[in-house]
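Structure record follows, encoded as structure tokens.
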2 protein chains.
Amino acid sequence: MPTLNEVARRAGVTAATVSNVLRNRGRVGEETRQRVLEAVAALDYRPHLTARALAEGRAPTLALMVSSIANPFYPEFALAVERAARESGHFVIICNTNEDPLAGRAILQQIAGTLSEGVLVMNANLDFDDLHTTQANGTPVVLCMWERPDDPPGLPCVAVDFRLAGKLAGQHLIELGHTRIGAIVGSKSMGIHASRYDGFADAMREAGLDIVTTNTIHAPDTVQGGYAATFELLARDAGITAIFATNDLPALGAIDAAADMGRSVPHDLSIVGITDILLAQQWRPPLTTVAVPTVEAAGLAVALLREMIEEPQRAADRSNRRWRLLAASEPHLVVRGSTACCLRR
Amino acid sequence: MPTLNEVARRAGVTAATVSNVLRNRGRVGEETRQRVLEAVAALDYRPHLTARALAEGRAPTLALMVSSIANPFYPEFALAVERAARESGHFVIICNTNEDPLAGRAILQQIAGTLSEGVLVMNANLDFDDLHTTQANGTPVVLCMWERPDDPPGLPCVAVDFRLAGKLAGQHLIELGHTRIGAIVGSKSMGIHASRYDGFADAMREAGLDIVTTNTIHAPDTVQGGYAATFELLARDAGITAIFATNDLPALGAIDAAADMGRSVPHDLSIVGITDILLAQQWRPPLTTVAVPTVEAAGLAVALLREMIEEPQRAADRSNRRWRLLAASEPHLVVRGSTACCLRR
DNA sequence: GTGAAAGCGCTAACAC
DNA sequence: GTGTTAGCGCTTTCAC
């Protein structure tokens with residue numbers, strides 16, 4: 001691969017000049033400009049991203065920390081992140097933490113500031129102290145989907161009102177006449193699903209309904225998790241007519257479980273989730289869910305990160321306010337085939 | 001972030017020595033060693049991956065080119081790639097080409113050799129000339145799942161016998177007594193599904209069955225694609241009792257389509273796919289499919305890439321043989337709920 | 001307008 | 001064993 005110097009030699013100029021024309025730094029004679037451009041083309045020169053980053057005092061990538069890219073939600077988000085990142089010329093490194101805070105720390109320590117210029121954190125069960133440390137060490141960190149706007153994390157983040165999402169899901173079920181509702185709550189890495197459940201509880205309370213705590217169950221955030229949880233739930237209380245899940249994947253599992261138990265969805269059992277992943281509309285029956293602005297959040301997260309990287313002046317403000325919060329648009333209900341009026345009265 | 005020099009100063013030695021102890025280069029006095037280690041710990045020093053790569057004449061990452069990480073197959077593969085890559089200390093950059101050869105070329109030109117030290121190519125609809133060029137420019141390229149062992153691409157690759165996969169799928173259907181079989185063939189980016197279909201044709205031929213070409217249809221490699229294709233297929237020939245799809249996603253769509261047309265799967269229509277993605281077992285009914293060694297292929301691909309990076313002597317051999325081929329284990333049939341005996345005779 | 005020189009953080013000969 | 005020196009490929013300040 002040709003270097004700047006080789007291009008310079010061929011064009012009869014010096015590396016500095018080539019650099020200047022390549023970055024449109026102006027103050028370059030039109031004629032030299034042409035010669036340089038020709039040399040670049042002739043040699044098929046391409047800037048060495050690693051060297052450039054080093055010279056600029058930057059790191060050449062952005063890191064996206066997720067628990068596992070194999071979780072069907074993340075790829076949709078990762079795709080949006082990559083698109084946004086590419087617009088600012090960044091490549092993105094996907095880091096699977098596998099929900100292990102220690103693994104997460106190890107990765108963070110290796111790449112933060114040395115390979116990645118900024119870190120995007122999608123629910124990856126990271127230690128908050130670790131995140132604060134990397135932030136303090138000068139590598140911007142953005143939490144991609146903060147769930148509790150009322151409880152800021154002390155780190156820059158994009159907030160999504162998941163409490164509202166939970167409430168919308170609950171209200172939908174209640175409006176359909178359901179009163180005995182089971183809840184499947186995601187395992188609480190970073191306590192992340194608490195606010196969703198709080199929103200659900202809000203809806204119940206406002207409707208004057210009791211929350212039967214035994215009808216609430218924690219489960220892994222997977223199809224299988226929801227599947228097993230549904231069996232458990234209906235074993236505890238066969239009178240349940242609807243299930244609220246804090247995430248789509250378990251909701252999908254609940255649909256399967258109902259079918260396997262001989263309960264037809266939505267007529268014998270209504271099911272609602274949160275997020276609206278691609279799979280939700282492809283399931284049978286398609287899942288009623290509360291859609292969350294995933295792509296928008298990805299764009300905002302990258303924008304926030306870029307701003308922190310490019311305008312370190314604001315770092316000063318930040319050190320006062322400690323964090324910035326960008327709010328994404330609000331969740332909204334998407335009614336599909338997994339919910340219906342309660343027949344039992 | 002502290003640098004090598006700062007650590008050196010604190011330990012009262014020079015940067016070279018610190019480097020030596022950090023990389024266990026030996027020939028360092030035990031006592032100095034301790035002092036250095038203390039300084040490293042005290043300063044919380046971490047090597048600058050970008051600088052290190054530059055000094056070593058390497059690039060700090062591996063690139064994984066996929067058409068879109070949002071396709072449910074890729075994340076499973078990407079996860080396996082990342083695990084394998086991390087073992088050799090590499091981070092991986094996910095590059096979504098969006099099936100656009102020009103976008104793919106642009107990415108390749110930017111990162112090959114400058115940010116990524118090797119390139120893994122999963123079906124991304126890249127221009128082969130571009131791949132040969134990057135390979136020739138000194139950046140190793142590995143094709144992750146080459147479909148036609150009999151038709152080597154002139155590039156190092158991990159081969160999976162997809163022709164056999166297609167044959168196994170066909171044989172399964174035939175053994176169940178099906179004779180009028182529709183085929184949904186993925187859109188032919190890189191001609192990638194041709195061998196799968198060839199395998200299916202092999203099975204048909206060996207069984208003395210005719211292939212009705214109008215019962216073969218091309219469709220995008222998605223659930224929706226398979227859904228629409230199934231309607232089209234049954235409109236053309238209502239007598240079809242089974243469908244072979246060259247990929248799981250369209251097969252899943254076929255299941256949905258059958259349900260929406262009032263045909264029960266598997267009794268009115270049997271459906272088989274290829275790959276065995278996670279979703280296959282979660283669908284209703286669960287998909288019968290031919291499993292392909294995804295994780296193994298990922299491991300082999302990374303291993304091959306590493307070898308090419310680390311032992312450039314072999315590059316010489318390579319220039320003779322032009323490419324190397326690693327074969328993954330063979331595909332095998334996984335019978336689930338989407339296939340049954342043909343009732344119509 | 002263009003070049004010379006220093007430096008980003010690190011590694012790798014080689015000398016002592 | 002440890003230090004010195006040069007250099008990876010690039011950017012940037014500052015002379016000229």
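Chain labels A, B, ... are given in the sequence in which chains occur in the structure tokens; within each chain residues are numbered consecutively from 1, and ligands are likewise numbered from 1 in the order shown.
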Got a sec to pull out which chain A residues are within 7 Å of chain B, counting only C-alpha atoms, and send them as a short mmCIF file (atom, residue, chain, number, x, y, z; two decimals) with N, CA and C atoms, in the first residue's frame?
data_model
loop_
_atom_site.label_atom_id
_atom_site.label_comp_id
_atom_site.auth_asym_id
_atom_site.auth_seq_id
_atom_site.Cartn_x
_atom_site.Cartn_y
_atom_site.Cartn_z
N MET A 1 0.82 -1.21 0.00
CA MET A 1 0.00 0.00 0.00
C MET A 1 0.86 1.26 0.00
N ARG A 46 -4.67 5.37 -0.54
CA ARG A 46 -5.76 5.55 0.42
C ARG A 46 -5.16 5.80 1.79
N HIS A 48 -4.12 5.92 5.55
CA HIS A 48 -4.03 4.89 6.58
C HIS A 48 -4.78 5.37 7.81
N LEU A 49 -5.98 4.80 7.98
CA LEU A 49 -6.87 5.28 9.05
C LEU A 49 -6.24 5.21 10.44
N THR A 50 -5.49 4.16 10.67
CA THR A 50 -4.87 4.01 11.98
C THR A 50 -3.83 5.09 12.23
N ALA A 51 -2.99 5.31 11.24
CA ALA A 51 -1.95 6.34 11.38
C ALA A 51 -2.59 7.72 11.52
N LEU A 54 -3.96 8.25 14.96
CA LEU A 54 -2.90 8.48 15.94
C LEU A 54 -2.37 9.91 15.85
N ALA A 59 -9.10 8.18 18.19
CA ALA A 59 -9.14 6.75 17.98
C ALA A 59 -10.09 6.52 16.81
N ILE A 69 -25.12 -9.82 20.48
CA ILE A 69 -25.66 -9.39 19.20
C ILE A 69 -26.66 -10.42 18.68
N ALA A 70 -26.66 -11.61 19.27
CA ALA A 70 -27.59 -12.63 18.81
C ALA A 70 -29.01 -12.40 19.33
N PRO A 72 -32.28 -10.77 19.09
CA PRO A 72 -32.87 -10.19 17.87
C PRO A 72 -33.12 -8.69 17.94
N PRO A 75 -29.48 -6.33 16.64
CA PRO A 75 -29.08 -6.08 15.26
C PRO A 75 -29.83 -4.92 14.63
N GLU A 76 -31.10 -4.80 14.93
CA GLU A 76 -31.86 -3.69 14.37
C GLU A 76 -31.27 -2.37 14.85
N LEU A 79 -27.69 -1.84 13.39
CA LEU A 79 -27.73 -1.38 12.00
C LEU A 79 -27.93 0.13 11.96
N PHE A 91 -16.28 3.92 12.01
CA PHE A 91 -16.63 2.52 11.92
C PHE A 91 -17.00 2.06 13.32
N VAL A 92 -17.81 1.02 13.39
CA VAL A 92 -18.20 0.61 14.74
C VAL A 92 -17.84 -0.82 15.06
N ILE A 93 -17.32 -0.95 16.26
CA ILE A 93 -16.91 -2.24 16.78
C ILE A 93 -18.02 -2.77 17.66
N ILE A 94 -18.44 -3.99 17.39
CA ILE A 94 -19.48 -4.59 18.21
C ILE A 94 -18.82 -5.37 19.34
N GLN A 110 -9.67 -2.11 27.51
CA GLN A 110 -8.80 -2.27 26.35
C GLN A 110 -9.02 -1.21 25.28
N THR A 114 -8.30 4.02 23.29
CA THR A 114 -7.12 3.51 22.60
C THR A 114 -7.47 2.97 21.21
N LEU A 115 -8.70 2.54 21.07
CA LEU A 115 -9.14 2.03 19.78
C LEU A 115 -10.49 2.65 19.42
N ASN A 137 -11.90 9.30 32.35
CA ASN A 137 -10.61 9.19 31.67
C ASN A 137 -10.61 9.86 30.30
#
Practice problem: Determine which residues of region 141-314 of chain A DSSP labels as strand (DSSP E) from the backbone of this structure, then write them out as a PyMOL selection string. | Solution: chain A and resi 141-146+157-159+181-186+216-219+242-245+270-275+288-291
Quiz item: If we count only C-alpha atoms (C1' of nucleotides), what is near Cys157 (chain B) at a cut-off of 10 Å, once residues fewer than 6 positions away on the same chain are taken out, given as a PyMOL selection string?
Solution: chain B and resi 120-121+141-147+149+297+300-301+304-305+323-327
Practice problem: Using only C-alpha atoms (C1' of nucleotides), select each residue of chain B with any atom at most 12 Å away from an atom of chain D, and give the selection as JSON, numbers by chain. | Solution: {"B": [8, 12, 13, 14, 15, 16, 17, 18, 19, 20, 21, 25, 26, 27, 28, 29, 30, 31, 32, 33, 50, 51, 52, 53, 54, 55, 56, 57, 58, 59, 114]}
Exercise. Report as an MDAnalysis selection string the set of chain C residues whose atoms approach chain B to within 10 Å, with distances computed over only C-alpha atoms (C1' of nucleotides).
Key: chainID C and resid 8:12
Saved selection, atoms kept: N, CA, C and O atoms (P, O5', C5', C4', C3', O3' and C1' of nucleotides), as an mmCIF file, in the first residue's frame:
data_model
loop_
_atom_site.group_PDB
_atom_site.id
_atom_site.type_symbol
_atom_site.label_atom_id
_atom_site.label_comp_id
_atom_site.auth_asym_id
_atom_site.auth_seq_id
_atom_site.Cartn_x
_atom_site.Cartn_y
_atom_site.Cartn_z
ATOM 1 P P DC C 8 4.067 13.829 21.418
ATOM 2 O "O5'" DC C 8 2.711 13.033 21.195
ATOM 3 C "C5'" DC C 8 1.544 13.631 20.651
ATOM 4 C "C4'" DC C 8 0.758 12.556 19.926
ATOM 5 C "C3'" DC C 8 0.956 11.184 20.545
ATOM 6 O "O3'" DC C 8 -0.116 10.947 21.473
ATOM 7 C "C1'" DC C 8 1.084 11.120 18.124
ATOM 8 P P DG C 9 0.220 10.673 23.027
ATOM 9 O "O5'" DG C 9 0.565 9.109 23.068
ATOM 10 C "C5'" DG C 9 -0.423 8.165 22.685
ATOM 11 C "C4'" DG C 9 0.245 6.845 22.402
ATOM 12 C "C3'" DG C 9 1.127 6.320 23.537
ATOM 13 O "O3'" DG C 9 0.686 5.021 23.861
ATOM 14 C "C1'" DG C 9 2.305 6.273 21.476
ATOM 15 P P DC C 10 1.495 4.070 24.827
ATOM 16 O "O5'" DC C 10 2.355 3.218 23.792
ATOM 17 C "C5'" DC C 10 1.668 2.309 22.937
ATOM 18 C "C4'" DC C 10 2.566 1.863 21.814
ATOM 19 C "C3'" DC C 10 3.679 0.910 22.216
ATOM 20 O "O3'" DC C 10 3.231 -0.427 22.010
ATOM 21 C "C1'" DC C 10 4.379 2.537 20.588
ATOM 22 P P DT C 11 4.189 -1.629 22.449
ATOM 23 O "O5'" DT C 11 5.189 -1.742 21.209
ATOM 24 C "C5'" DT C 11 4.673 -2.122 19.946
ATOM 25 C "C4'" DT C 11 5.802 -2.270 18.957
ATOM 26 C "C3'" DT C 11 6.818 -3.354 19.282
ATOM 27 O "O3'" DT C 11 7.072 -4.057 18.072
ATOM 28 C "C1'" DT C 11 7.931 -1.289 18.947
ATOM 29 P P DA C 12 7.887 -5.430 18.067
ATOM 30 O "O5'" DA C 12 9.291 -4.961 17.478
ATOM 31 C "C5'" DA C 12 9.310 -4.246 16.254
ATOM 32 C "C4'" DA C 12 10.743 -3.920 15.899
ATOM 33 C "C3'" DA C 12 11.719 -5.046 16.232
ATOM 34 O "O3'" DA C 12 12.731 -5.055 15.229
ATOM 35 C "C1'" DA C 12 12.290 -3.129 17.451
#
Quiz item: What is the distance, in Å and to one decimal place, between CA of Leu64 (chain A) and CA of Val119 (chain A)?
Solution: 6.1 Å
Close residues, Cys342 (chain B) itself excluded, 6 Å, only C-alpha atoms (C1' of nucleotides), min 4 positions apart in chain, as an mmCIF file with all heavy atoms, in the first residue's frame:
data_model
loop_
_atom_site.group_PDB
_atom_site.id
_atom_site.type_symbol
_atom_site.label_atom_id
_atom_site.label_comp_id
_atom_site.auth_asym_id
_atom_site.auth_seq_id
_atom_site.Cartn_x
_atom_site.Cartn_y
_atom_site.Cartn_z
ATOM 1 N N LEU B 176 -40.944 -38.612 1.958
ATOM 2 C CA LEU B 176 -42.269 -38.464 2.562
ATOM 3 C C LEU B 176 -43.371 -38.657 1.522
ATOM 4 O O LEU B 176 -44.547 -38.539 1.836
ATOM 5 C CB LEU B 176 -42.389 -37.075 3.214
ATOM 6 C CG LEU B 176 -41.543 -36.868 4.482
ATOM 7 C CD1 LEU B 176 -41.588 -35.411 4.923
ATOM 8 C CD2 LEU B 176 -42.031 -37.772 5.607
ATOM 9 N N GLY B 177 -42.956 -38.901 0.296
ATOM 10 C CA GLY B 177 -43.939 -39.195 -0.731
ATOM 11 C C GLY B 177 -44.360 -38.013 -1.601
ATOM 12 O O GLY B 177 -45.244 -38.132 -2.441
ATOM 13 N N HIS B 178 -43.711 -36.889 -1.386
ATOM 14 C CA HIS B 178 -44.070 -35.719 -2.190
ATOM 15 C C HIS B 178 -43.484 -35.828 -3.591
ATOM 16 O O HIS B 178 -42.351 -36.289 -3.762
ATOM 17 C CB HIS B 178 -43.563 -34.436 -1.524
ATOM 18 C CG HIS B 178 -44.196 -34.200 -0.197
ATOM 19 N ND1 HIS B 178 -45.443 -33.632 -0.049
ATOM 20 C CD2 HIS B 178 -43.767 -34.476 1.062
ATOM 21 C CE1 HIS B 178 -45.748 -33.562 1.234
ATOM 22 N NE2 HIS B 178 -44.743 -34.066 1.940
#
Practice problem: Show which residues sit within 10 Å of Gly239 (chain B), as a list of chain:residue names. Count only C-alpha atoms (C1' of nucleotides), and ignore same-chain residues fewer than 6 positions away. | Solution: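 The filter keeps B:Thr179, B:Arg180, B:Ile181, B:Gly182, B:Leu233, B:Leu269, B:Arg344.
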Self-check item: Leu126 (chain A) environment, 10 Å, only C-alpha atoms (C1' of nucleotides), sequence neighbours closer than 3 positions dropped, as JSON, numbers by chain
Solution: {"A": [65, 66, 67, 97, 99, 100, 101, 102, 103, 104, 105, 108, 121, 122, 123, 129, 130, 131, 189, 190]}
Quiz prompt | Contact residues around region 261-263 of chain B with only C-alpha atoms (C1' of nucleotides) at 12 Å, ignoring same-chain residues under 4 positions, as a ChimeraX atom specification | solution = /B:227-228,230-232,234-235,238,240-242,254-257,267-271
So that I have them on file, write out the residues from the current selection with all heavy atoms, as a tab-separated table (two decimals), in the first residue's frame.
chain	number	residue	atom	x	y	z
B	227	TYR	N	-43.17	-15.45	1.92
B	227	TYR	CA	-44.63	-15.36	2.07
B	227	TYR	C	-45.28	-15.10	0.71
B	227	TYR	O	-46.15	-15.83	0.26
B	227	TYR	CB	-44.94	-14.22	3.04
B	227	TYR	CG	-46.40	-14.06	3.37
B	227	TYR	CD1	-46.97	-14.75	4.43
B	227	TYR	CD2	-47.21	-13.21	2.64
B	227	TYR	CE1	-48.31	-14.60	4.76
B	227	TYR	CE2	-48.55	-13.04	2.95
B	227	TYR	CZ	-49.10	-13.75	4.01
B	227	TYR	OH	-50.42	-13.59	4.32
B	228	ALA	N	-44.81	-14.07	0.06
B	228	ALA	CA	-45.37	-13.71	-1.25
B	228	ALA	C	-45.12	-14.81	-2.27
B	228	ALA	O	-46.01	-15.16	-3.06
B	228	ALA	CB	-44.73	-12.40	-1.72
B	230	THR	N	-44.89	-17.93	-1.85
B	230	THR	CA	-45.76	-19.08	-1.63
B	230	THR	C	-47.14	-18.88	-2.26
B	230	THR	O	-47.70	-19.78	-2.88
B	230	THR	CB	-45.90	-19.35	-0.12
B	230	THR	OG1	-44.60	-19.59	0.41
B	230	THR	CG2	-46.78	-20.56	0.15
B	231	PHE	N	-47.67	-17.67	-2.10
B	231	PHE	CA	-48.95	-17.37	-2.75
B	231	PHE	C	-48.85	-17.56	-4.26
B	231	PHE	O	-49.69	-18.18	-4.90
B	231	PHE	CB	-49.38	-15.94	-2.42
B	231	PHE	CG	-50.15	-15.84	-1.14
B	231	PHE	CD1	-49.48	-15.72	0.08
B	231	PHE	CD2	-51.53	-15.89	-1.14
B	231	PHE	CE1	-50.19	-15.65	1.27
B	231	PHE	CE2	-52.25	-15.81	0.05
B	231	PHE	CZ	-51.58	-15.69	1.26
B	232	GLU	N	-47.76	-17.02	-4.79
B	232	GLU	CA	-47.54	-17.10	-6.24
B	232	GLU	C	-47.43	-18.56	-6.68
B	232	GLU	O	-48.05	-18.99	-7.66
B	232	GLU	CB	-46.26	-16.33	-6.59
B	232	GLU	CG	-45.75	-16.51	-8.00
B	232	GLU	CD	-46.65	-15.84	-9.03
B	232	GLU	OE1	-47.45	-14.98	-8.62
B	232	GLU	OE2	-46.55	-16.19	-10.22
B	234	LEU	N	-48.53	-21.33	-5.28
B	234	LEU	CA	-49.77	-22.11	-5.20
B	234	LEU	C	-50.82	-21.60	-6.17
B	234	LEU	O	-51.75	-22.33	-6.54
B	234	LEU	CB	-50.28	-22.11	-3.76
B	234	LEU	CG	-49.37	-22.89	-2.80
B	234	LEU	CD1	-49.88	-22.83	-1.38
B	234	LEU	CD2	-49.24	-24.34	-3.25
B	235	ALA	N	-50.65	-20.37	-6.59
B	235	ALA	CA	-51.55	-19.86	-7.61
B	235	ALA	C	-51.21	-20.51	-8.95
B	235	ALA	O	-52.07	-20.84	-9.74
B	235	ALA	CB	-51.43	-18.34	-7.69
B	238	ALA	N	-51.92	-25.37	-7.82
B	238	ALA	CA	-52.56	-25.65	-6.53
B	238	ALA	C	-52.27	-27.07	-6.06
B	238	ALA	O	-52.53	-27.42	-4.90
B	238	ALA	CB	-54.06	-25.42	-6.63
B	240	ILE	N	-49.42	-28.47	-5.62
B	240	ILE	CA	-48.16	-28.60	-4.88
B	240	ILE	C	-48.42	-29.07	-3.45
B	240	ILE	O	-49.30	-28.54	-2.78
B	240	ILE	CB	-47.43	-27.24	-4.86
B	240	ILE	CG1	-46.85	-26.96	-6.25
B	240	ILE	CG2	-46.34	-27.22	-3.81
B	240	ILE	CD1	-46.23	-25.58	-6.37
B	241	THR	N	-47.66	-30.06	-3.01
B	241	THR	CA	-47.87	-30.55	-1.63
B	241	THR	C	-46.69	-30.24	-0.72
B	241	THR	O	-46.76	-30.48	0.48
B	241	THR	CB	-48.08	-32.07	-1.62
B	241	THR	OG1	-46.89	-32.71	-2.12
B	241	THR	CG2	-49.28	-32.46	-2.48
B	242	ALA	N	-45.62	-29.74	-1.31
B	242	ALA	CA	-44.45	-29.43	-0.48
B	242	ALA	C	-43.65	-28.30	-1.10
B	242	ALA	O	-43.70	-28.08	-2.32
B	242	ALA	CB	-43.56	-30.67	-0.33
B	254	ALA	N	-43.17	-19.01	4.20
B	254	ALA	CA	-44.05	-19.96	3.53
B	254	ALA	C	-45.03	-20.58	4.53
B	254	ALA	O	-46.20	-20.80	4.22
B	254	ALA	CB	-43.22	-21.05	2.84
B	255	ILE	N	-44.52	-20.84	5.71
B	255	ILE	CA	-45.40	-21.40	6.76
B	255	ILE	C	-46.54	-20.43	7.05
B	255	ILE	O	-47.72	-20.81	7.11
B	255	ILE	CB	-44.59	-21.68	8.05
B	255	ILE	CG1	-43.63	-22.84	7.84
B	255	ILE	CG2	-45.54	-21.97	9.21
B	255	ILE	CD1	-42.77	-23.18	9.06
B	256	ASP	N	-46.20	-19.17	7.21
B	256	ASP	CA	-47.22	-18.17	7.48
B	256	ASP	C	-48.21	-18.07	6.34
B	256	ASP	O	-49.43	-17.99	6.54
B	256	ASP	CB	-46.57	-16.79	7.70
B	256	ASP	CG	-45.88	-16.71	9.06
B	256	ASP	OD1	-45.96	-17.68	9.82
B	256	ASP	OD2	-45.26	-15.66	9.33
B	257	ALA	N	-47.69	-18.09	5.12
B	257	ALA	CA	-48.56	-17.96	3.95
B	257	ALA	C	-49.55	-19.12	3.90
B	257	ALA	O	-50.76	-18.94	3.66
B	257	ALA	CB	-47.72	-17.93	2.68
B	267	HIS	N	-49.69	-30.88	7.22
B	267	HIS	CA	-50.53	-31.89	6.55
B	267	HIS	C	-50.98	-31.50	5.15
B	267	HIS	O	-51.02	-32.34	4.24
B	267	HIS	CB	-51.70	-32.25	7.45
B	267	HIS	CG	-51.21	-32.76	8.76
B	267	HIS	ND1	-50.42	-33.88	8.86
B	267	HIS	CD2	-51.32	-32.28	10.03
B	267	HIS	CE1	-50.09	-34.10	10.13
B	267	HIS	NE2	-50.62	-33.13	10.86
B	268	ASP	N	-51.32	-30.25	4.96
B	268	ASP	CA	-51.71	-29.84	3.61
B	268	ASP	C	-50.51	-29.36	2.79
B	268	ASP	O	-50.56	-29.29	1.56
B	268	ASP	CB	-52.73	-28.70	3.66
B	268	ASP	CG	-54.02	-29.16	4.33
B	268	ASP	OD1	-54.26	-30.38	4.36
B	268	ASP	OD2	-54.76	-28.29	4.83
B	269	LEU	N	-49.49	-28.99	3.48
B	269	LEU	CA	-48.30	-28.49	2.80
B	269	LEU	C	-47.08	-28.71	3.68
B	269	LEU	O	-47.07	-28.30	4.84
B	269	LEU	CB	-48.47	-26.98	2.50
B	269	LEU	CG	-47.44	-26.34	1.58
B	269	LEU	CD1	-47.56	-26.88	0.15
B	269	LEU	CD2	-47.59	-24.82	1.57
B	270	SER	N	-46.08	-29.38	3.14
B	270	SER	CA	-44.84	-29.57	3.89
B	270	SER	C	-43.83	-28.53	3.44
B	270	SER	O	-43.77	-28.17	2.26
B	270	SER	CB	-44.28	-30.97	3.64
B	270	SER	OG	-44.98	-31.93	4.39
B	271	ILE	N	-43.03	-28.07	4.39
B	271	ILE	CA	-42.06	-27.02	4.07
B	271	ILE	C	-40.72	-27.32	4.70
B	271	ILE	O	-40.63	-27.67	5.88
B	271	ILE	CB	-42.58	-25.65	4.56
B	271	ILE	CG1	-43.88	-25.29	3.81
B	271	ILE	CG2	-41.52	-24.57	4.38
B	271	ILE	CD1	-44.65	-24.17	4.43
